[in-house]
>>> print(open('run-v2.cif').read())   # mmCIF, C-alpha atoms
data_start
#
loop_
_atom_site.group_PDB
_atom_site.id
_atom_site.type_symbol
_atom_site.label_atom_id
_atom_site.label_comp_id
_atom_site.auth_asym_id
_atom_site.auth_seq_id
_atom_site.Cartn_x
_atom_site.Cartn_y
_atom_site.Cartn_z
ATOM 1 C CA MET A 12 24.562 -21.184 -7.456
ATOM 2 C CA ASN A 13 27.393 -23.725 -7.452
ATOM 3 C CA THR A 14 27.516 -23.703 -11.230
ATOM 4 C CA ALA A 15 27.417 -19.897 -11.322
ATOM 5 C CA LEU A 16 30.299 -19.641 -8.836
ATOM 6 C CA VAL A 17 32.477 -22.125 -10.706
ATOM 7 C CA GLY A 18 31.524 -20.669 -14.093
ATOM 8 C CA GLY A 19 32.317 -17.104 -13.081
ATOM 9 C CA ALA A 20 35.699 -18.009 -11.623
ATOM 10 C CA VAL A 21 36.671 -20.207 -14.579
ATOM 11 C CA VAL A 22 35.633 -17.560 -17.110
ATOM 12 C CA ALA A 23 37.708 -14.916 -15.302
ATOM 13 C CA ILE A 24 40.793 -17.155 -15.149
ATOM 14 C CA THR A 25 40.356 -18.222 -18.768
ATOM 15 C CA LEU A 26 40.045 -14.643 -20.016
ATOM 16 C CA VAL A 27 43.156 -13.425 -18.203
ATOM 17 C CA LEU A 28 45.346 -16.317 -19.330
ATOM 18 C CA ALA A 29 43.960 -16.758 -22.838
ATOM 19 C CA ILE A 30 44.005 -13.060 -23.774
ATOM 20 C CA LEU A 31 47.613 -12.584 -22.685
ATOM 21 C CA ALA A 32 48.790 -15.898 -24.159
ATOM 22 C CA GLY A 33 46.899 -15.394 -27.410
ATOM 23 C CA TYR A 34 48.288 -11.914 -27.922
ATOM 24 C CA SER A 35 51.815 -13.044 -27.089
ATOM 25 C CA LEU A 36 51.640 -15.906 -29.570
ATOM 26 C CA ALA A 37 50.137 -13.682 -32.255
ATOM 27 C CA ARG A 38 52.551 -10.750 -31.890
ATOM 28 C CA LEU A 39 55.635 -11.493 -29.833
ATOM 29 C CA SER A 40 56.826 -14.976 -30.702
ATOM 30 C CA GLY A 41 57.649 -14.687 -34.419
ATOM 31 C CA ARG A 42 57.423 -17.791 -36.564
ATOM 32 C CA TRP A 43 57.153 -20.028 -33.517
ATOM 33 C CA GLY A 44 53.859 -18.488 -32.503
ATOM 34 C CA GLU A 45 51.720 -20.558 -34.847
ATOM 35 C CA ARG A 46 53.498 -23.787 -33.938
ATOM 36 C CA MET A 47 53.088 -23.114 -30.239
ATOM 37 C CA GLY A 48 49.453 -22.214 -30.823
ATOM 38 C CA ILE A 49 48.830 -25.548 -32.533
ATOM 39 C CA GLY A 50 50.621 -27.329 -29.693
ATOM 40 C CA ILE A 51 48.443 -25.592 -27.126
ATOM 41 C CA PHE A 52 45.307 -26.458 -29.097
ATOM 42 C CA LEU A 53 46.320 -30.136 -29.248
ATOM 43 C CA THR A 54 46.292 -30.282 -25.450
ATOM 44 C CA TYR A 55 42.576 -29.425 -25.629
ATOM 45 C CA LEU A 56 41.994 -32.642 -27.605
ATOM 46 C CA VAL A 57 43.229 -34.884 -24.777
ATOM 47 C CA PRO A 58 40.079 -36.633 -23.450
ATOM 48 C CA PRO A 59 39.143 -35.975 -19.802
ATOM 49 C CA THR A 60 38.933 -39.718 -19.138
ATOM 50 C CA LEU A 61 42.734 -39.884 -19.423
ATOM 51 C CA LEU A 62 43.323 -36.962 -17.077
ATOM 52 C CA PHE A 63 40.847 -37.214 -14.229
ATOM 53 C CA ILE A 64 42.873 -39.853 -12.319
ATOM 54 C CA PRO A 65 46.189 -37.894 -12.246
ATOM 55 C CA LEU A 66 44.270 -34.677 -11.643
ATOM 56 C CA SER A 67 42.478 -36.307 -8.722
ATOM 57 C CA ARG A 68 45.899 -36.986 -7.194
ATOM 58 C CA VAL A 69 46.744 -33.308 -7.607
ATOM 59 C CA ILE A 70 43.462 -32.281 -5.992
ATOM 60 C CA ALA A 71 44.079 -34.698 -3.078
ATOM 61 C CA THR A 72 47.588 -33.338 -2.567
ATOM 62 C CA LEU A 73 46.226 -29.794 -2.424
ATOM 63 C CA GLY A 74 43.477 -30.811 0.000
ATOM 64 C CA LEU A 75 40.648 -29.642 -2.252
ATOM 65 C CA GLN A 76 38.543 -32.811 -2.246
ATOM 66 C CA ASP A 77 34.803 -32.152 -2.241
ATOM 67 C CA SER A 78 35.402 -28.455 -2.847
ATOM 68 C CA LEU A 79 34.164 -26.305 -5.700
ATOM 69 C CA TRP A 80 37.662 -24.825 -5.888
ATOM 70 C CA SER A 81 38.882 -28.147 -7.241
ATOM 71 C CA LEU A 82 36.716 -27.532 -10.314
ATOM 72 C CA VAL A 83 37.921 -23.936 -10.550
ATOM 73 C CA LEU A 84 41.475 -25.275 -10.626
ATOM 74 C CA VAL A 85 40.860 -28.083 -13.123
ATOM 75 C CA TYR A 86 38.441 -26.588 -15.666
ATOM 76 C CA PRO A 87 40.913 -24.012 -17.066
ATOM 77 C CA SER A 88 43.059 -26.966 -18.184
ATOM 78 C CA PHE A 89 40.663 -27.414 -21.101
ATOM 79 C CA THR A 90 39.139 -23.942 -21.471
ATOM 80 C CA VAL A 91 42.437 -22.031 -21.683
ATOM 81 C CA PRO A 92 44.057 -24.010 -24.553
ATOM 82 C CA PHE A 93 41.136 -23.663 -26.943
ATOM 83 C CA SER A 94 40.471 -20.057 -25.952
ATOM 84 C CA THR A 95 44.133 -19.159 -26.484
ATOM 85 C CA TRP A 96 44.084 -20.695 -29.952
ATOM 86 C CA LEU A 97 40.823 -18.918 -30.784
ATOM 87 C CA LEU A 98 41.979 -15.482 -29.610
ATOM 88 C CA MET A 99 45.313 -15.875 -31.360
ATOM 89 C CA GLY A 100 43.407 -15.943 -34.640
ATOM 90 C CA PHE A 101 41.484 -12.778 -33.717
ATOM 91 C CA PHE A 102 44.640 -10.920 -32.730
ATOM 92 C CA LYS A 103 46.447 -11.950 -35.918
ATOM 93 C CA ALA A 104 43.597 -10.480 -37.976
ATOM 94 C CA ILE A 105 44.124 -7.034 -36.431
ATOM 95 C CA PRO A 106 46.567 -4.915 -38.482
ATOM 96 C CA LYS A 107 49.784 -4.179 -36.631
ATOM 97 C CA ASP A 108 49.643 -0.657 -38.053
ATOM 98 C CA LEU A 109 46.929 0.236 -35.548
ATOM 99 C CA GLU A 110 49.102 -0.683 -32.576
ATOM 100 C CA GLU A 111 52.149 1.014 -34.072
ATOM 101 C CA ALA A 112 50.135 4.197 -34.619
ATOM 102 C CA ALA A 113 48.992 4.114 -30.988
ATOM 103 C CA MET A 114 52.576 3.650 -29.788
ATOM 104 C CA ILE A 115 53.715 6.568 -31.967
ATOM 105 C CA ASP A 116 51.054 8.647 -30.236
ATOM 106 C CA GLY A 117 52.652 7.857 -26.887
ATOM 107 C CA HIS A 118 51.088 4.605 -25.713
ATOM 108 C CA SER A 119 53.177 1.722 -24.484
ATOM 109 C CA ARG A 120 52.659 -1.684 -26.080
ATOM 110 C CA PHE A 121 50.427 -2.652 -23.179
ATOM 111 C CA GLY A 122 48.485 0.607 -23.512
ATOM 112 C CA ALA A 123 47.971 -0.016 -27.225
ATOM 113 C CA PHE A 124 46.890 -3.560 -26.424
ATOM 114 C CA VAL A 125 44.297 -2.415 -23.875
ATOM 115 C CA LYS A 126 42.913 0.569 -25.802
ATOM 116 C CA ILE A 127 43.145 -0.698 -29.374
ATOM 117 C CA VAL A 128 43.335 -4.479 -29.536
ATOM 118 C CA ILE A 129 40.889 -5.415 -26.770
ATOM 119 C CA PRO A 130 37.943 -3.331 -28.079
ATOM 120 C CA ILE A 131 38.422 -4.615 -31.627
ATOM 121 C CA SER A 132 38.588 -8.212 -30.353
ATOM 122 C CA PHE A 133 35.389 -7.961 -28.326
ATOM 123 C CA ALA A 134 33.614 -10.540 -30.492
ATOM 124 C CA GLY A 135 36.381 -13.069 -29.862
ATOM 125 C CA ILE A 136 36.444 -12.345 -26.131
ATOM 126 C CA LEU A 137 32.674 -12.785 -25.951
ATOM 127 C CA THR A 138 33.003 -16.082 -27.794
ATOM 128 C CA VAL A 139 35.502 -17.239 -25.176
ATOM 129 C CA VAL A 140 33.125 -16.262 -22.372
ATOM 130 C CA ILE A 141 30.215 -18.211 -23.862
ATOM 131 C CA PHE A 142 32.403 -21.175 -24.781
ATOM 132 C CA SER A 143 33.920 -21.428 -21.295
ATOM 133 C CA LEU A 144 30.600 -21.007 -19.520
ATOM 134 C CA THR A 145 28.979 -23.639 -21.722
ATOM 135 C CA LEU A 146 31.764 -26.151 -21.052
ATOM 136 C CA VAL A 147 31.527 -25.585 -17.302
ATOM 137 C CA MET A 148 27.774 -26.156 -17.331
ATOM 138 C CA GLN A 149 28.043 -29.335 -19.415
ATOM 139 C CA GLU A 150 31.161 -30.966 -17.905
ATOM 140 C CA PHE A 151 30.351 -34.169 -16.023
ATOM 141 C CA VAL A 152 33.422 -36.365 -15.391
ATOM 142 C CA TYR A 153 35.450 -33.973 -13.219
ATOM 143 C CA ALA A 154 32.406 -32.710 -11.342
ATOM 144 C CA LEU A 155 31.377 -36.283 -10.529
ATOM 145 C CA THR A 156 34.918 -37.313 -9.526
ATOM 146 C CA PHE A 157 35.899 -34.373 -7.322
ATOM 147 C CA ILE A 158 32.574 -33.496 -5.675
ATOM 148 C CA THR A 159 30.850 -35.951 -3.332
ATOM 149 C CA SER A 160 28.653 -33.677 -1.230
ATOM 150 C CA SER A 161 25.188 -33.186 -2.731
ATOM 151 C CA SER A 162 25.130 -29.576 -1.567
ATOM 152 C CA SER A 163 28.146 -28.840 -3.775
ATOM 153 C CA PHE A 164 26.925 -30.516 -6.962
ATOM 154 C CA THR A 165 26.895 -28.493 -10.155
ATOM 155 C CA VAL A 166 23.981 -28.647 -12.598
ATOM 156 C CA SER A 167 25.531 -31.336 -14.785
ATOM 157 C CA VAL A 168 25.806 -33.761 -11.838
ATOM 158 C CA GLY A 169 22.937 -32.576 -9.668
ATOM 159 C CA VAL A 170 20.210 -32.939 -12.285
ATOM 160 C CA PRO A 171 20.751 -36.656 -13.058
ATOM 161 C CA THR A 172 21.584 -37.450 -9.417
ATOM 162 C CA PHE A 173 18.411 -36.002 -7.918
ATOM 163 C CA LEU A 174 15.985 -36.577 -10.782
ATOM 164 C CA VAL A 175 16.922 -40.097 -11.878
ATOM 165 C CA ARG A 176 16.185 -42.847 -9.345
ATOM 166 C CA GLY A 177 17.264 -46.217 -10.683
ATOM 167 C CA ASP A 178 15.058 -46.831 -13.705
ATOM 168 C CA VAL A 179 12.616 -44.064 -12.736
ATOM 169 C CA TYR A 180 13.024 -40.800 -14.636
ATOM 170 C CA PHE A 181 11.202 -37.695 -13.447
ATOM 171 C CA TRP A 182 10.816 -36.379 -16.962
ATOM 172 C CA GLY A 183 8.933 -33.213 -16.091
ATOM 173 C CA SER A 184 11.531 -32.100 -13.577
ATOM 174 C CA LEU A 185 14.379 -33.178 -15.882
ATOM 175 C CA MET A 186 13.072 -31.074 -18.744
ATOM 176 C CA ALA A 187 12.486 -28.101 -16.439
ATOM 177 C CA ALA A 188 16.002 -28.365 -14.995
ATOM 178 C CA CYS A 189 17.580 -28.583 -18.456
ATOM 179 C CA PHE A 190 15.562 -25.570 -19.578
ATOM 180 C CA ILE A 191 16.621 -23.498 -16.571
ATOM 181 C CA ALA A 192 20.271 -24.460 -17.088
ATOM 182 C CA SER A 193 20.133 -23.381 -20.738
ATOM 183 C CA VAL A 194 18.537 -19.980 -20.070
ATOM 184 C CA PRO A 195 21.767 -18.066 -19.130
ATOM 185 C CA ILE A 196 23.546 -19.209 -22.300
ATOM 186 C CA ALA A 197 20.519 -18.406 -24.445
ATOM 187 C CA ILE A 198 20.307 -14.916 -22.923
ATOM 188 C CA LEU A 199 24.002 -14.271 -23.628
ATOM 189 C CA TYR A 200 23.618 -15.334 -27.240
ATOM 190 C CA ASN A 201 20.529 -13.208 -27.795
ATOM 191 C CA LEU A 202 21.833 -10.112 -26.020
ATOM 192 C CA PHE A 203 25.141 -10.022 -27.852
ATOM 193 C CA VAL A 204 24.348 -11.432 -31.288
ATOM 194 C CA ASP A 205 24.675 -7.927 -32.778
ATOM 195 C CA ARG A 206 28.118 -7.568 -31.214
ATOM 196 C CA PHE A 207 29.136 -10.843 -32.836
ATOM 197 C CA ILE A 208 28.074 -9.621 -36.266
ATOM 198 C CA ALA A 209 29.681 -6.193 -35.755
ATOM 199 C CA GLY A 210 32.925 -7.715 -34.579
ATOM 200 C CA PHE A 211 33.231 -9.787 -37.733
ATOM 201 C CA THR A 212 31.973 -7.290 -40.317
ATOM 202 C CA VAL A 213 32.624 -3.686 -39.248
ATOM 203 C CA GLY A 214 36.420 -3.866 -39.508
ATOM 204 C CA ALA A 215 39.251 -2.367 -37.492
ATOM 205 C CA ILE A 216 39.489 0.956 -39.323
ATOM 206 C CA LYS A 217 35.802 1.681 -38.775
#
>>> encode(input="run-v2.cif", output="structure tokens")
Amino acid sequence: MNTALVGGAVVAITLVLAILAGYSLARLSGRWGERMGIGIFLTYLVPPTLLFIPLSRVIATLGLQDSLWSLVLVYPSFTVPFSTWLLMGFFKAIPKDLEEAAMIDGHSRFGAFVKIVIPISFAGILTVVIFSLTLVMQEFVYALTFITSSSSFTVSVGVPTFLVRGDVYFWGSLMAACFIASVPIAILYNLFVDRFIAGFTVGAIK
């Protein structure tokens, strides 16, 4: 439940920020869009081991120690940059003529974005959802640093904490826990694999 709460909140924040930022960089920033996109992507490559100490100071200042909201605040720092870069590529692949035609028909730019661009980019948006959820479920350093109460552990910290005792490994329980943690991601992949293929092959005009 802790992982689901953090994952849901992080996915929602990531989608809102990455969709708007990706579209802005792809359409509204001219020749600087690609350079800014690369700059944003480079921030994703900064290893967490360099950031968790300054981020822990931020969390302490905000009074969010041992709170799941500390993870909700920190995780978008590495999900949003990559997701923005990914969606920027999807938005660039959509012909501008489609948006211009929608605006000629009376839509505002935002209306054209919501009714034309978002549906066509569904495959990219779904990729962002799965990517963000997977990162949240696998992340270990921040979850171990910011959460001390066992009742607030996420899967990535709770499984090794409760099922590894010194040099004793409860292999049966470990395998079962890893299987259960992988089921939501596997279900998402299997349910939406056709949408992935359609998003890449059908084309905007269709």
>>> resolve_selection(input="run-v2.cif", expression="the PyMOL selection byres ((chain A and resi 30) around 9)", output="number ranges by chain")
A: 25-29, 31-35, 94-95, 98-99, 129, 136
>>> write_last_selection(input="run-v2.cif", atoms="C-alpha atoms", output="mmCIF file, keeping the file's coordinate frame")
data_model
loop_
_atom_site.group_PDB
_atom_site.id
_atom_site.type_symbol
_atom_site.label_atom_id
_atom_site.label_comp_id
_atom_site.auth_asym_id
_atom_site.auth_seq_id
_atom_site.Cartn_x
_atom_site.Cartn_y
_atom_site.Cartn_z
ATOM 1 C CA THR A 25 40.356 -18.222 -18.768
ATOM 2 C CA LEU A 26 40.045 -14.643 -20.016
ATOM 3 C CA VAL A 27 43.156 -13.425 -18.203
ATOM 4 C CA LEU A 28 45.346 -16.317 -19.330
ATOM 5 C CA ALA A 29 43.960 -16.758 -22.838
ATOM 6 C CA LEU A 31 47.613 -12.584 -22.685
ATOM 7 C CA ALA A 32 48.790 -15.898 -24.159
ATOM 8 C CA GLY A 33 46.899 -15.394 -27.410
ATOM 9 C CA TYR A 34 48.288 -11.914 -27.922
ATOM 10 C CA SER A 35 51.815 -13.044 -27.089
ATOM 11 C CA SER A 94 40.471 -20.057 -25.952
ATOM 12 C CA THR A 95 44.133 -19.159 -26.484
ATOM 13 C CA LEU A 98 41.979 -15.482 -29.610
ATOM 14 C CA MET A 99 45.313 -15.875 -31.360
ATOM 15 C CA ILE A 129 40.889 -5.415 -26.770
ATOM 16 C CA ILE A 136 36.444 -12.345 -26.131
#
>>> resolve_selection(input="run-v2.cif", expression="the PyMOL selection byres ((chain A and resi 193) around 12)", output="PyMOL selection string")
chain A and resi 141+144-146+148-149+166-167+186-192+194-200
>>> closest_residue(input="run-v2.cif", among="A:Leu109, A:Ala37, A:Ala20, A:Val83", to="Val128 (chain A)", atoms="only C-alpha atoms")
A:Leu109
>>> closest_residue(input="run-v2.cif", among="A:Ile158, A:Ile49, A:Ala23, A:Leu79", to="Gly100 (chain A)", atoms="only C-alpha atoms")
A:Ile49
>>> atom_distance(input="run-v2.cif", atom1="CA of Ala112 (chain A)", atom2="CA of Ile127 (chain A)")
10.0 Å
>>> residues_around(input="run-v2.cif", residues="Val57 (chain A)", least_positions_apart="5", cutoff="12 Å", atoms="all atoms listed in the file", output="ChimeraX atom specification")
/A:50-52,62-63,88-89,92-93
>>> closest_residue(input="run-v2.cif", among="A:Phe181, A:Ala154, A:Val125, A:Pro87", to="Gly169 (chain A)", atoms="only C-alpha atoms")
A:Ala154
>>> atom_distance(input="run-v2.cif", atom1="CA of Asp178 (chain A)", atom2="CA of Leu155 (chain A)")
19.7 Å
>>> closest_residue(input="run-v2.cif", among="A:Arg38, A:Thr90, A:Phe164, A:Ile24", to="Phe124 (chain A)", atoms="only C-alpha atoms")
A:Arg38
>>> resolve_selection(input="run-v2.cif", expression="the PyMOL selection byres ((chain A and resi 13) around 8)", output="PyMOL selection string")
chain A and resi 12+14-17+79+163-166
>>> residues_around(input="run-v2.cif", residues="Met114 (chain A)", least_positions_apart="6", cutoff="12 Å", atoms="only C-alpha atoms", output="JSON, numbers by chain")
{"A": [107, 108, 120, 121, 122, 123, 124, 125, 126, 127]}
>>> closest_residue(input="run-v2.cif", among="A:Leu137, A:Val85, A:Val168, A:Val147", to="Gly19 (chain A)", atoms="all atoms listed in the file")
A:Val147
>>> atom_distance(input="run-v2.cif", atom1="CA of Pro58 (chain A)", atom2="CA of Leu174 (chain A)")
27.2 Å
>>> build_atoms(input="run-v2.cif", residues="region 167-178 of chain A", atoms="all heavy atoms", output="PDB file, keeping the file's coordinate frame")
ATOM      1  N   SER A 167      25.319 -30.148 -13.957  1.00  0.00           N
ATOM      2  CA  SER A 167      25.531 -31.336 -14.785  1.00  0.00           C
ATOM      3  C   SER A 167      25.472 -32.630 -13.977  1.00  0.00           C
ATOM      4  O   SER A 167      25.088 -33.675 -14.502  1.00  0.00           O
ATOM      5  CB  SER A 167      26.883 -31.242 -15.506  1.00  0.00           C
ATOM      6  OG  SER A 167      27.945 -31.159 -14.565  1.00  0.00           O
ATOM      7  N   VAL A 168      25.851 -32.582 -12.694  1.00  0.00           N
ATOM      8  CA  VAL A 168      25.806 -33.761 -11.838  1.00  0.00           C
ATOM      9  C   VAL A 168      24.528 -33.788 -11.011  1.00  0.00           C
ATOM     10  O   VAL A 168      23.926 -34.845 -10.811  1.00  0.00           O
ATOM     11  CB  VAL A 168      27.032 -33.801 -10.901  1.00  0.00           C
ATOM     12  CG1 VAL A 168      26.947 -34.973  -9.935  1.00  0.00           C
ATOM     13  CG2 VAL A 168      28.309 -33.899 -11.721  1.00  0.00           C
ATOM     14  N   GLY A 169      24.098 -32.636 -10.539  1.00  0.00           N
ATOM     15  CA  GLY A 169      22.937 -32.576  -9.668  1.00  0.00           C
ATOM     16  C   GLY A 169      21.646 -33.005 -10.335  1.00  0.00           C
ATOM     17  O   GLY A 169      20.833 -33.718  -9.735  1.00  0.00           O
ATOM     18  N   VAL A 170      21.466 -32.608 -11.592  1.00  0.00           N
ATOM     19  CA  VAL A 170      20.210 -32.939 -12.285  1.00  0.00           C
ATOM     20  C   VAL A 170      20.022 -34.452 -12.406  1.00  0.00           C
ATOM     21  O   VAL A 170      18.984 -34.986 -11.987  1.00  0.00           O
ATOM     22  CB  VAL A 170      20.149 -32.240 -13.655  1.00  0.00           C
ATOM     23  CG1 VAL A 170      18.992 -32.785 -14.486  1.00  0.00           C
ATOM     24  CG2 VAL A 170      19.995 -30.739 -13.470  1.00  0.00           C
ATOM     25  N   PRO A 171      20.979 -35.204 -12.978  1.00  0.00           N
ATOM     26  CA  PRO A 171      20.751 -36.656 -13.058  1.00  0.00           C
ATOM     27  C   PRO A 171      20.778 -37.355 -11.702  1.00  0.00           C
ATOM     28  O   PRO A 171      20.123 -38.382 -11.519  1.00  0.00           O
ATOM     29  CB  PRO A 171      21.907 -37.151 -13.952  1.00  0.00           C
ATOM     30  CG  PRO A 171      22.962 -36.115 -13.828  1.00  0.00           C
ATOM     31  CD  PRO A 171      22.241 -34.822 -13.648  1.00  0.00           C
ATOM     32  N   THR A 172      21.509 -36.808 -10.732  1.00  0.00           N
ATOM     33  CA  THR A 172      21.584 -37.450  -9.417  1.00  0.00           C
ATOM     34  C   THR A 172      20.252 -37.369  -8.683  1.00  0.00           C
ATOM     35  O   THR A 172      19.775 -38.365  -8.111  1.00  0.00           O
ATOM     36  CB  THR A 172      22.683 -36.790  -8.563  1.00  0.00           C
ATOM     37  OG1 THR A 172      23.950 -36.961  -9.211  1.00  0.00           O
ATOM     38  CG2 THR A 172      22.730 -37.412  -7.169  1.00  0.00           C
ATOM     39  N   PHE A 173      19.635 -36.198  -8.691  1.00  0.00           N
ATOM     40  CA  PHE A 173      18.411 -36.002  -7.918  1.00  0.00           C
ATOM     41  C   PHE A 173      17.142 -36.395  -8.675  1.00  0.00           C
ATOM     42  O   PHE A 173      16.139 -36.697  -8.055  1.00  0.00           O
ATOM     43  CB  PHE A 173      18.295 -34.534  -7.488  1.00  0.00           C
ATOM     44  CG  PHE A 173      19.346 -34.113  -6.504  1.00  0.00           C
ATOM     45  CD1 PHE A 173      20.197 -33.064  -6.786  1.00  0.00           C
ATOM     46  CD2 PHE A 173      19.490 -34.773  -5.297  1.00  0.00           C
ATOM     47  CE1 PHE A 173      21.170 -32.669  -5.887  1.00  0.00           C
ATOM     48  CE2 PHE A 173      20.455 -34.387  -4.383  1.00  0.00           C
ATOM     49  CZ  PHE A 173      21.303 -33.338  -4.679  1.00  0.00           C
ATOM     50  N   LEU A 174      17.212 -36.386  -9.999  1.00  0.00           N
ATOM     51  CA  LEU A 174      15.985 -36.577 -10.782  1.00  0.00           C
ATOM     52  C   LEU A 174      15.947 -37.894 -11.538  1.00  0.00           C
ATOM     53  O   LEU A 174      15.036 -38.119 -12.334  1.00  0.00           O
ATOM     54  CB  LEU A 174      15.810 -35.410 -11.762  1.00  0.00           C
ATOM     55  CG  LEU A 174      15.721 -34.022 -11.098  1.00  0.00           C
ATOM     56  CD1 LEU A 174      15.573 -32.934 -12.149  1.00  0.00           C
ATOM     57  CD2 LEU A 174      14.561 -33.971 -10.112  1.00  0.00           C
ATOM     58  N   VAL A 175      16.943 -38.744 -11.322  1.00  0.00           N
ATOM     59  CA  VAL A 175      16.922 -40.097 -11.878  1.00  0.00           C
ATOM     60  C   VAL A 175      17.131 -41.069 -10.720  1.00  0.00           C
ATOM     61  O   VAL A 175      18.190 -41.072 -10.096  1.00  0.00           O
ATOM     62  CB  VAL A 175      18.007 -40.294 -12.956  1.00  0.00           C
ATOM     63  CG1 VAL A 175      17.984 -41.738 -13.460  1.00  0.00           C
ATOM     64  CG2 VAL A 175      17.821 -39.326 -14.107  1.00  0.00           C
ATOM     65  N   ARG A 176      16.123 -41.891 -10.451  1.00  0.00           N
ATOM     66  CA  ARG A 176      16.185 -42.847  -9.345  1.00  0.00           C
ATOM     67  C   ARG A 176      16.097 -44.263  -9.912  1.00  0.00           C
ATOM     68  O   ARG A 176      15.016 -44.772 -10.184  1.00  0.00           O
ATOM     69  CB  ARG A 176      15.030 -42.605  -8.370  1.00  0.00           C
ATOM     70  CG  ARG A 176      14.998 -41.215  -7.767  1.00  0.00           C
ATOM     71  CD  ARG A 176      16.160 -40.988  -6.814  1.00  0.00           C
ATOM     72  NE  ARG A 176      16.094 -39.681  -6.179  1.00  0.00           N
ATOM     73  CZ  ARG A 176      16.983 -39.240  -5.316  1.00  0.00           C
ATOM     74  NH1 ARG A 176      17.999 -40.008  -4.975  1.00  0.00           N
ATOM     75  NH2 ARG A 176      16.875 -38.032  -4.790  1.00  0.00           N
ATOM     76  N   GLY A 177      17.269 -44.882 -10.096  1.00  0.00           N
ATOM     77  CA  GLY A 177      17.264 -46.217 -10.683  1.00  0.00           C
ATOM     78  C   GLY A 177      16.754 -46.171 -12.104  1.00  0.00           C
ATOM     79  O   GLY A 177      17.325 -45.507 -12.970  1.00  0.00           O
ATOM     80  N   ASP A 178      15.650 -46.863 -12.368  1.00  0.00           N
ATOM     81  CA  ASP A 178      15.058 -46.831 -13.705  1.00  0.00           C
ATOM     82  C   ASP A 178      13.858 -45.897 -13.779  1.00  0.00           C
ATOM     83  O   ASP A 178      13.073 -45.947 -14.726  1.00  0.00           O
ATOM     84  CB  ASP A 178      14.643 -48.247 -14.139  1.00  0.00           C
ATOM     85  CG  ASP A 178      13.635 -48.883 -13.179  1.00  0.00           C
ATOM     86  OD1 ASP A 178      13.430 -48.306 -12.089  1.00  0.00           O
ATOM     87  OD2 ASP A 178      13.077 -49.941 -13.517  1.00  0.00           O
TER      88      ASP A 178
END
